[in-house]
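Q: coords05.pdb is reproduced below (PDB, C-alpha atoms).
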ATOM      1  CA  VAL A  26     -33.883 166.518  77.535
ATOM      2  CA  CYS A  27     -35.960 166.766  74.380
ATOM      3  CA  SER A  28     -37.030 169.796  72.393
ATOM      4  CA  VAL A  29     -39.850 169.371  69.854
ATOM      5  CA  TYR A  30     -41.149 171.606  67.093
ATOM      6  CA  ALA A  31     -44.826 171.083  66.378
ATOM      7  CA  SER A  32     -46.568 172.798  63.471
ATOM      8  CA  GLU A  33     -50.354 173.190  63.409
ATOM      9  CA  SER A  34     -50.730 169.952  61.461
ATOM     10  CA  ASP A  35     -48.365 168.240  63.919
ATOM     11  CA  VAL A  36     -50.612 169.366  66.775
ATOM     12  CA  GLU A  37     -53.608 167.730  65.117
ATOM     13  CA  TYR A  38     -51.556 164.566  64.564
ATOM     14  CA  LEU A  39     -50.446 164.491  68.210
ATOM     15  CA  GLU A  40     -54.033 164.959  69.350
ATOM     16  CA  SER A  41     -55.097 162.020  67.181
ATOM     17  CA  LEU A  42     -52.507 159.878  69.002
ATOM     18  CA  ASN A  43     -53.869 160.978  72.404
ATOM     19  CA  VAL A  44     -50.508 162.496  73.367
ATOM     20  CA  ARG A  45     -50.477 163.641  76.985
ATOM     21  CA  ASP A  46     -48.089 164.149  79.879
ATOM     22  CA  SER A  47     -45.681 161.199  79.968
ATOM     23  CA  LYS A  48     -46.124 160.985  83.749
ATOM     24  CA  ASN A  49     -49.719 159.905  83.081
ATOM     25  CA  MET A  50     -48.713 157.157  80.648
ATOM     26  CA  SER A  51     -47.474 153.637  81.220
ATOM     27  CA  ASN A  52     -43.986 152.706  80.062
ATOM     28  CA  GLN A  53     -45.602 150.320  77.561
ATOM     29  CA  ASP A  54     -47.633 153.162  76.030
ATOM     30  CA  ILE A  55     -44.524 155.347  75.840
ATOM     31  CA  ILE A  56     -42.531 152.568  74.160
ATOM     32  CA  LYS A  57     -45.331 152.201  71.614
ATOM     33  CA  ILE A  58     -45.932 155.872  70.801
ATOM     34  CA  ALA A  59     -42.541 157.603  71.213
ATOM     35  CA  PRO A  60     -40.851 156.193  68.084
ATOM     36  CA  VAL A  61     -43.885 157.229  66.031
ATOM     37  CA  ILE A  62     -43.741 160.776  67.391
ATOM     38  CA  ALA A  63     -39.952 160.996  67.004
ATOM     39  CA  LYS A  64     -40.146 159.856  63.387
ATOM     40  CA  LYS A  65     -42.827 162.448  62.552
ATOM     41  CA  LEU A  66     -41.658 165.553  64.429
ATOM     42  CA  ILE A  67     -38.579 167.744  64.194
ATOM     43  CA  HIS A  68     -36.848 167.353  67.521
ATOM     44  CA  SER A  69     -33.539 167.268  69.342
ATOM     45  CA  LEU A  70     -32.659 164.863  72.108
ATOM     46  CA  VAL A  71     -29.789 165.430  74.512
ATOM     47  CA  ILE A  72     -28.741 162.571  76.786
ATOM     48  CA  LEU A  73     -26.474 163.155  79.741
ATOM     49  CA  PRO A  74     -25.060 159.822  80.931
ATOM     50  CA  PRO A  75     -24.879 159.256  84.708
ATOM     51  CA  GLU A  76     -21.067 159.470  84.681
ATOM     52  CA  LYS A  77     -21.177 162.908  83.059
ATOM     53  CA  TYR A  78     -23.925 164.076  85.422
ATOM     54  CA  ASN A  79     -21.869 162.955  88.435
ATOM     55  CA  GLU A  80     -18.804 164.702  87.014
ATOM     56  CA  LYS A  81     -20.729 167.980  86.628
ATOM     57  CA  ILE A  82     -22.056 167.731  90.202
ATOM     58  CA  LYS A  83     -18.494 167.218  91.489
ATOM     59  CA  GLU A  84     -17.481 170.341  89.515
ATOM     60  CA  GLY A  85     -20.012 172.292  91.598
ATOM     61  CA  LEU A  86     -22.974 172.514  89.232
ATOM     62  CA  ASN A  87     -26.435 171.884  90.634
ATOM     63  CA  LEU A  88     -29.238 169.950  88.959
ATOM     64  CA  ASN A  89     -31.059 173.058  87.733
ATOM     65  CA  LYS A  90     -27.912 174.533  86.180
ATOM     66  CA  ILE A  91     -27.279 171.252  84.369
ATOM     67  CA  LYS A  92     -30.901 171.215  83.164
ATOM     68  CA  ALA A  93     -30.616 174.831  81.978
ATOM     69  CA  PHE A  94     -27.557 173.971  79.846
ATOM     70  CA  LEU A  95     -29.268 170.894  78.395
ATOM     71  CA  HIS A  96     -32.517 172.729  77.641
ATOM     72  CA  ASN A  97     -30.724 175.644  75.994
ATOM     73  CA  TYR A  98     -28.659 173.269  73.859
ATOM     74  CA  ALA A  99     -31.685 171.202  72.766
ATOM     75  CA  ILE A 100     -33.719 174.311  71.937
ATOM     76  CA  ILE A 101     -30.880 175.791  69.875
ATOM     77  CA  LYS A 102     -30.426 172.497  67.999
ATOM     78  CA  THR A 103     -34.132 172.267  67.182
ATOM     79  CA  SER A 104     -34.449 175.889  66.102
ATOM     80  CA  ALA A 105     -31.457 175.388  63.775
ATOM     81  CA  LYS A 106     -33.337 172.543  62.072
ATOM     82  CA  ILE A 107     -36.269 174.806  61.237
ATOM     83  CA  ASP A 108     -34.004 177.768  60.459
ATOM     84  CA  ARG A 109     -36.032 180.365  62.304
ATOM     85  CA  GLN A 110     -36.645 181.489  65.827
ATOM     86  CA  LEU A 111     -39.995 180.611  67.333
ATOM     87  CA  PRO A 112     -41.520 181.070  70.759
ATOM     88  CA  VAL A 113     -40.653 178.152  73.021
ATOM     89  CA  ILE A 114     -42.502 176.718  76.005
ATOM     90  CA  VAL A 115     -40.401 175.162  78.755
ATOM     91  CA  ASP A 116     -41.650 173.123  81.681
ATOM     92  CA  GLN A 117     -40.455 175.392  84.483
ATOM     93  CA  PHE A 118     -37.926 173.687  86.753
ATOM     94  CA  CYS A 119     -36.538 176.930  88.220
ATOM     95  CA  LEU A 120     -37.342 180.628  88.134
ATOM     96  CA  PRO A 121     -36.749 182.195  84.704
ATOM     97  CA  SER A 122     -34.263 184.653  86.237
ATOM     98  CA  HIS A 123     -32.255 181.707  87.620
ATOM     99  CA  TYR A 124     -32.457 179.897  84.283
ATOM    100  CA  TYR A 125     -30.898 182.832  82.437
ATOM    101  CA  ASN A 126     -28.381 183.418  85.229
ATOM    102  CA  TYR A 127     -27.198 179.795  84.890
ATOM    103  CA  LEU A 128     -26.560 180.510  81.198
ATOM    104  CA  LYS A 129     -24.907 183.925  81.637
ATOM    105  CA  ASP A 130     -21.520 182.709  80.385
ATOM    106  CA  GLU A 131     -22.883 180.871  77.338
ATOM    107  CA  LYS A 132     -22.217 182.377  73.910
ATOM    108  CA  ILE A 133     -25.695 181.548  72.566
ATOM    109  CA  VAL A 134     -28.771 181.643  74.769
ATOM    110  CA  TYR A 135     -32.236 181.146  73.328
ATOM    111  CA  ARG A 136     -34.426 183.813  74.911
ATOM    112  CA  ASP A 137     -37.894 183.644  73.326
ATOM    113  CA  ILE A 138     -39.135 181.298  76.058
ATOM    114  CA  LYS A 139     -42.298 181.119  78.119
ATOM    115  CA  PHE A 140     -41.912 179.134  81.323
ATOM    116  CA  HIS A 141     -44.901 177.227  82.704
ATOM    117  CA  THR A 142     -45.307 174.765  85.514
ATOM    118  CA  LYS A 143     -46.969 171.617  84.190
ATOM    119  CA  ALA A 144     -46.207 172.845  80.668
ATOM    120  CA  GLU A 145     -47.363 169.493  79.238
ATOM    121  CA  THR A 146     -50.900 170.770  79.879
ATOM    122  CA  VAL A 147     -50.154 174.148  78.236
ATOM    123  CA  HIS A 148     -49.023 172.822  74.862
ATOM    124  CA  ILE A 149     -49.034 169.350  73.387
ATOM    125  CA  SER A 150     -45.518 169.797  71.974
ATOM    126  CA  VAL A 151     -44.161 169.771  75.537
ATOM    127  CA  ALA A 152     -46.031 166.538  76.198
ATOM    128  CA  ALA A 153     -44.565 165.060  73.007
ATOM    129  CA  ALA A 154     -41.070 166.097  74.102
ATOM    130  CA  SER A 155     -41.607 164.496  77.503
ATOM    131  CA  ILE A 156     -42.673 161.229  75.836
ATOM    132  CA  ILE A 157     -39.591 161.128  73.599
ATOM    133  CA  ALA A 158     -37.337 161.966  76.561
ATOM    134  CA  ARG A 159     -38.931 159.267  78.728
ATOM    135  CA  TYR A 160     -38.555 156.745  75.914
ATOM    136  CA  ALA A 161     -34.848 157.610  75.572
ATOM    137  CA  PHE A 162     -34.470 157.140  79.332
ATOM    138  CA  LEU A 163     -36.153 153.722  79.188
ATOM    139  CA  VAL A 164     -33.924 152.652  76.283
ATOM    140  CA  LYS A 165     -30.777 153.717  78.160
ATOM    141  CA  MET A 166     -31.940 151.943  81.321
ATOM    142  CA  HIS A 167     -32.535 148.793  79.261
ATOM    143  CA  GLU A 168     -29.023 149.063  77.796
ATOM    144  CA  LEU A 169     -27.522 149.513  81.271
ATOM    145  CA  SER A 170     -29.569 146.557  82.561
ATOM    146  CA  LYS A 171     -28.066 144.365  79.848
ATOM    147  CA  LYS A 172     -24.558 145.680  80.534
ATOM    148  CA  PHE A 173     -24.829 144.973  84.272
ATOM    149  CA  GLU A 174     -26.858 141.782  83.741
ATOM    150  CA  ILE A 175     -29.578 142.932  86.123
ATOM    151  CA  LYS A 176     -33.008 144.472  85.514
ATOM    152  CA  LEU A 177     -32.481 147.932  86.941
ATOM    153  CA  LYS A 178     -35.332 149.222  89.047
ATOM    154  CA  LEU A 179     -36.570 152.748  88.430
ATOM    155  CA  GLY A 180     -37.328 155.525  90.881
ATOM    156  CA  ALA A 181     -36.831 155.391  94.621
ATOM    157  CA  GLY A 182     -37.816 153.111  97.447
ATOM    158  CA  LYS A 183     -36.520 150.181  99.445
ATOM    159  CA  GLU A 184     -36.116 147.849  96.428
ATOM    160  CA  VAL A 185     -34.090 150.460  94.555
ATOM    161  CA  ASP A 186     -31.929 151.096  97.636
ATOM    162  CA  GLU A 187     -31.271 147.366  97.957
ATOM    163  CA  GLN A 188     -30.331 147.122  94.279
ATOM    164  CA  ILE A 189     -27.999 150.116  94.542
ATOM    165  CA  LEU A 190     -26.204 148.431  97.426
ATOM    166  CA  GLU A 191     -26.005 145.167  95.450
ATOM    167  CA  ILE A 192     -24.513 146.953  92.429
ATOM    168  CA  TYR A 193     -22.050 148.803  94.635
ATOM    169  CA  GLN A 194     -20.948 145.564  96.309
ATOM    170  CA  LYS A 195     -20.573 143.800  92.949
ATOM    171  CA  HIS A 196     -19.162 146.600  90.754
ATOM    172  CA  GLY A 197     -17.845 149.202  93.215
ATOM    173  CA  GLU A 198     -17.929 152.964  92.788
ATOM    174  CA  HIS A 199     -17.250 152.726  89.055
ATOM    175  CA  GLY A 200     -20.359 150.592  88.493
ATOM    176  CA  LEU A 201     -22.544 152.766  90.666
ATOM    177  CA  ASN A 202     -21.260 155.912  88.956
ATOM    178  CA  ALA A 203     -22.351 154.415  85.609
ATOM    179  CA  ILE A 204     -25.989 153.870  86.620
ATOM    180  CA  ALA A 205     -26.932 156.374  89.333
ATOM    181  CA  LYS A 206     -26.951 160.035  90.226
ATOM    182  CA  THR A 207     -24.619 159.587  93.155
ATOM    183  CA  ASN A 208     -25.727 162.763  94.934
ATOM    184  CA  PHE A 209     -29.324 161.513  95.219
ATOM    185  CA  LYS A 210     -30.607 160.326  98.588
ATOM    186  CA  ASN A 211     -31.010 156.681  97.607
ATOM    187  CA  VAL A 212     -27.204 156.594  97.233
ATOM    188  CA  THR A 213     -26.144 159.024  99.964
ATOM    189  CA  ASN A 214     -28.526 157.523 102.558
ATOM    190  CA  LEU A 215     -26.721 154.203 102.160
ATOM    191  CA  GLY A 216     -23.453 155.884 103.137
ATOM    192  CA  LEU A 217     -21.906 155.223  99.752
ATOM    193  CA  ILE A 218     -19.683 158.273  99.381
ATOM    194  CA  ILE A 219     -18.658 158.606  95.746
TER     195      ILE A 219
END
As structure tokens - that is how I would like this structure written.
A:
Amino acid sequence: VCSVYASESDVEYLESLNVRDSKNMSNQDIIKIAPVIAKKLIHSLVILPPEKYNEKIKEGLNLNKIKAFLHNYAIIKTSAKIDRQLPVIVDQFCLPSHYYNYLKDEKIVYRDIKFHTKAETVHISVAAASIIARYAFLVKMHELSKKFEIKLKLGAGKEVDEQILEIYQKHGEHGLNAIAKTNFKNVTNLGLII
């Protein structure tokens, strides 16, 4: 999860770089532009490794609750860097009432938030955050590929399912837990109970 602060001059800069929704960009374009954006903008990046994600799921948290914690943390970290509270735009992944309910036991909850579906089209700072987050994901996947000596495939599909089975057969539950969200269908459909 990435939170980005973009001033008016930052917005102009991002527009000059043709920043847009990371889902509409190739991985090569993201690898090229993300470090430039990250160097220029105040931001906070929070990475939840697969092992930690799987641990939280086993503790009974759902994906949206995990995302709410990560978003709140990243937003608080970024706002601390600029030393003032500003309105925040979040790409809506659950209803705002659920978001705040997930955070009800947290000591600090950032509340000046506007939730939008497809928020990357609402404000360019959200698109910039999505690019930095995608870049961090690609870097981590590259690191895991080197660690497991296999080019990890991304997403879902038959090839990914086959690779998951191969990793499980070679490295067992521990290996699979290190690279996959074990509650996702491409793991559970293979009958690999973790």
Q: Could you name the residues that touch Glu76 (chain A) at 8 Å or less, counting all atoms listed in the file, but leaving out those on the same chain fewer than 4 positions away, as a PDB file with C-alpha atoms, in the coordinates of the input?
A:
ATOM      1  CA  GLU A  80     -18.804 164.702  87.014  1.00  0.00           C
ATOM      2  CA  ASN A 202     -21.260 155.912  88.956  1.00  0.00           C
ATOM      3  CA  ALA A 203     -22.351 154.415  85.609  1.00  0.00           C
ATOM      4  CA  ILE A 204     -25.989 153.870  86.620  1.00  0.00           C
TER       5      ILE A 204
END
Q: To one decimal place, how far is CA of Ser34 (chain A) from CA of Gln117 (chain A) in Å?
A: 25.8 Å
Q: Compute the distance from (-45.0, 172.2, 85.3) to each atom, counting all atoms listed in the file, keep the residues with any atom at most 12 Å away, and return them as a ChimeraX atom specification; use the coordinates of the file.
A: /A:46,48,114-120,139-148,151-152,155
Q: Any chance you could resolve the PyMOL selection byres ((chain A and resi 69) around 12) against this file and give the residues as a short mmCIF file (atom, residue, chain, number, x, y, z; two decimals) with C-alpha atoms, in the coordinates of the input?
A:
data_model
loop_
_atom_site.label_atom_id
_atom_site.label_comp_id
_atom_site.auth_asym_id
_atom_site.auth_seq_id
_atom_site.Cartn_x
_atom_site.Cartn_y
_atom_site.Cartn_z
CA VAL A 26 -33.88 166.52 77.54
CA CYS A 27 -35.96 166.77 74.38
CA SER A 28 -37.03 169.80 72.39
CA VAL A 29 -39.85 169.37 69.85
CA TYR A 30 -41.15 171.61 67.09
CA ALA A 63 -39.95 161.00 67.00
CA LYS A 64 -40.15 159.86 63.39
CA LEU A 66 -41.66 165.55 64.43
CA ILE A 67 -38.58 167.74 64.19
CA HIS A 68 -36.85 167.35 67.52
CA LEU A 70 -32.66 164.86 72.11
CA VAL A 71 -29.79 165.43 74.51
CA ILE A 72 -28.74 162.57 76.79
CA LEU A 95 -29.27 170.89 78.40
CA HIS A 96 -32.52 172.73 77.64
CA ASN A 97 -30.72 175.64 75.99
CA TYR A 98 -28.66 173.27 73.86
CA ALA A 99 -31.68 171.20 72.77
CA ILE A 100 -33.72 174.31 71.94
CA ILE A 101 -30.88 175.79 69.88
CA LYS A 102 -30.43 172.50 68.00
CA THR A 103 -34.13 172.27 67.18
CA SER A 104 -34.45 175.89 66.10
CA ALA A 105 -31.46 175.39 63.78
CA LYS A 106 -33.34 172.54 62.07
CA ILE A 107 -36.27 174.81 61.24
CA ALA A 153 -44.56 165.06 73.01
CA ALA A 154 -41.07 166.10 74.10
CA SER A 155 -41.61 164.50 77.50
CA ILE A 157 -39.59 161.13 73.60
CA ALA A 158 -37.34 161.97 76.56
CA ALA A 161 -34.85 157.61 75.57
#
Q: Please provide the set of residues having any atom within 9 Å of Arg136 (chain A), restricted to all atoms listed in the file, with same-chain residues fewer than 2 positions apart removed, written as a list of chain:residue names.
A: A:Pro112, A:Val113, A:Tyr125, A:Val134, A:Ile138, A:Lys139
Q: Would you save the residues from that selection as a short mmCIF file (atom, residue, chain, number, x, y, z; two decimals), in the frame of the given file, using C-alpha atoms?
A:
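Once written, part_27.cif looks like this:
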data_model
loop_
_atom_site.label_atom_id
_atom_site.label_comp_id
_atom_site.auth_asym_id
_atom_site.auth_seq_id
_atom_site.Cartn_x
_atom_site.Cartn_y
_atom_site.Cartn_z
CA PRO A 112 -41.52 181.07 70.76
CA VAL A 113 -40.65 178.15 73.02
CA TYR A 125 -30.90 182.83 82.44
CA VAL A 134 -28.77 181.64 74.77
CA ILE A 138 -39.14 181.30 76.06
CA LYS A 139 -42.30 181.12 78.12
#
Q: Under the rule that all atoms listed in the file are counted, which of A:Ile133, A:Val212, A:Leu201, A:Val164 is the nearest residue to Ala181 (chain A)?
A: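 Closest to Ala181 (chain A) of all the choices is A:Val212.
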Q: Just how far from CA of Ala205 (chain A) is CA of Ile156 (chain A), in Å to one decimal?
A: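 Distance reported for this atom pair: 21.3 Å.
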Q: If we count only C-alpha atoms and set the cut-off at 8 Å, which residues sit around region 55-58 of chain A, ignoring sequence neighbours fewer than 2 positions away in its own chain? Please answer as a PyMOL selection string.
A: chain A and resi 42+47+50-53+60-62+156-157+159-160
Q: Take the residues that were just selected and, keeping C-alpha atoms, output them as a PDB file, in the frame of the given file.
A:
ATOM      1  CA  LEU A  42     -52.507 159.878  69.002  1.00  0.00           C
ATOM      2  CA  SER A  47     -45.681 161.199  79.968  1.00  0.00           C
ATOM      3  CA  MET A  50     -48.713 157.157  80.648  1.00  0.00           C
ATOM      4  CA  SER A  51     -47.474 153.637  81.220  1.00  0.00           C
ATOM      5  CA  ASN A  52     -43.986 152.706  80.062  1.00  0.00           C
ATOM      6  CA  GLN A  53     -45.602 150.320  77.561  1.00  0.00           C
ATOM      7  CA  PRO A  60     -40.851 156.193  68.084  1.00  0.00           C
ATOM      8  CA  VAL A  61     -43.885 157.229  66.031  1.00  0.00           C
ATOM      9  CA  ILE A  62     -43.741 160.776  67.391  1.00  0.00           C
ATOM     10  CA  ILE A 156     -42.673 161.229  75.836  1.00  0.00           C
ATOM     11  CA  ILE A 157     -39.591 161.128  73.599  1.00  0.00           C
ATOM     12  CA  ARG A 159     -38.931 159.267  78.728  1.00  0.00           C
ATOM     13  CA  TYR A 160     -38.555 156.745  75.914  1.00  0.00           C
TER      14      TYR A 160
END
Q: Build an axis-aligned box that encloses every atom of region 53-65 of chain A listed in the file, pad it by 4 Å on each side, and report its centre and edge lengths in Å to one decimal, as JSON.
A:
{"center_x": -43.8, "center_y": 156.4, "center_z": 70.1, "size_x": 15.7, "size_y": 20.1, "size_z": 23.0}
Q: Please report the interatomic distance between CA of Ser32 (chain A) and CA of Lys65 (chain A) in Å with one decimal.
A: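 Answer for the CA of Ser32 (chain A) to CA of Lys65 (chain A) separation: 11.0 Å.
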Q: Might you pull out every residue within 9 Å of Leu215 (chain A), with all atoms listed in the file counted and same-chain residues fewer than 6 positions away left off, and present them as a list of chain:residue names?
A: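 So, after excluding close chain neighbours, the residues are A:Asp186, A:Ile189, A:Leu190.
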Q: Kindly complete region 183-195 of chain A to N, CA, C and O atoms; the output should be written as a compact mmCIF listing (two decimals), in the coordinates of the input.
A:
# COMPACT_ATOMS: atom_id res chain seq x y z
N LYS A 183 -37.34 151.21 98.80
CA LYS A 183 -36.52 150.18 99.44
C LYS A 183 -35.88 149.23 98.43
O LYS A 183 -34.69 148.91 98.54
N GLU A 184 -36.66 148.78 97.43
CA GLU A 184 -36.12 147.85 96.43
C GLU A 184 -34.99 148.48 95.63
O GLU A 184 -34.00 147.83 95.31
N VAL A 185 -35.14 149.75 95.30
CA VAL A 185 -34.09 150.46 94.56
C VAL A 185 -32.85 150.60 95.44
O VAL A 185 -31.72 150.37 94.98
N ASP A 186 -33.05 150.97 96.71
CA ASP A 186 -31.93 151.10 97.64
C ASP A 186 -31.16 149.78 97.75
O ASP A 186 -29.93 149.77 97.74
N GLU A 187 -31.91 148.68 97.85
CA GLU A 187 -31.27 147.37 97.96
C GLU A 187 -30.48 147.04 96.69
O GLU A 187 -29.37 146.50 96.76
N GLN A 188 -31.03 147.40 95.53
CA GLN A 188 -30.33 147.12 94.28
C GLN A 188 -29.08 147.99 94.15
O GLN A 188 -28.05 147.53 93.66
N ILE A 189 -29.17 149.23 94.58
CA ILE A 189 -28.00 150.12 94.54
C ILE A 189 -26.87 149.52 95.38
O ILE A 189 -25.72 149.47 94.95
N LEU A 190 -27.21 149.05 96.56
CA LEU A 190 -26.20 148.43 97.43
C LEU A 190 -25.61 147.18 96.77
O LEU A 190 -24.39 146.98 96.79
N GLU A 191 -26.46 146.38 96.14
CA GLU A 191 -26.00 145.17 95.45
C GLU A 191 -25.03 145.52 94.31
O GLU A 191 -23.98 144.89 94.16
N ILE A 192 -25.38 146.53 93.54
CA ILE A 192 -24.51 146.95 92.43
C ILE A 192 -23.19 147.49 92.97
O ILE A 192 -22.12 147.19 92.44
N TYR A 193 -23.27 148.26 94.03
CA TYR A 193 -22.05 148.80 94.64
C TYR A 193 -21.14 147.68 95.13
O TYR A 193 -19.93 147.70 94.91
N GLN A 194 -21.74 146.68 95.78
CA GLN A 194 -20.95 145.56 96.31
C GLN A 194 -20.33 144.74 95.18
O GLN A 194 -19.23 144.23 95.31
N LYS A 195 -21.04 144.62 94.07
CA LYS A 195 -20.57 143.80 92.95
C LYS A 195 -19.62 144.55 92.01
O LYS A 195 -18.65 143.98 91.51
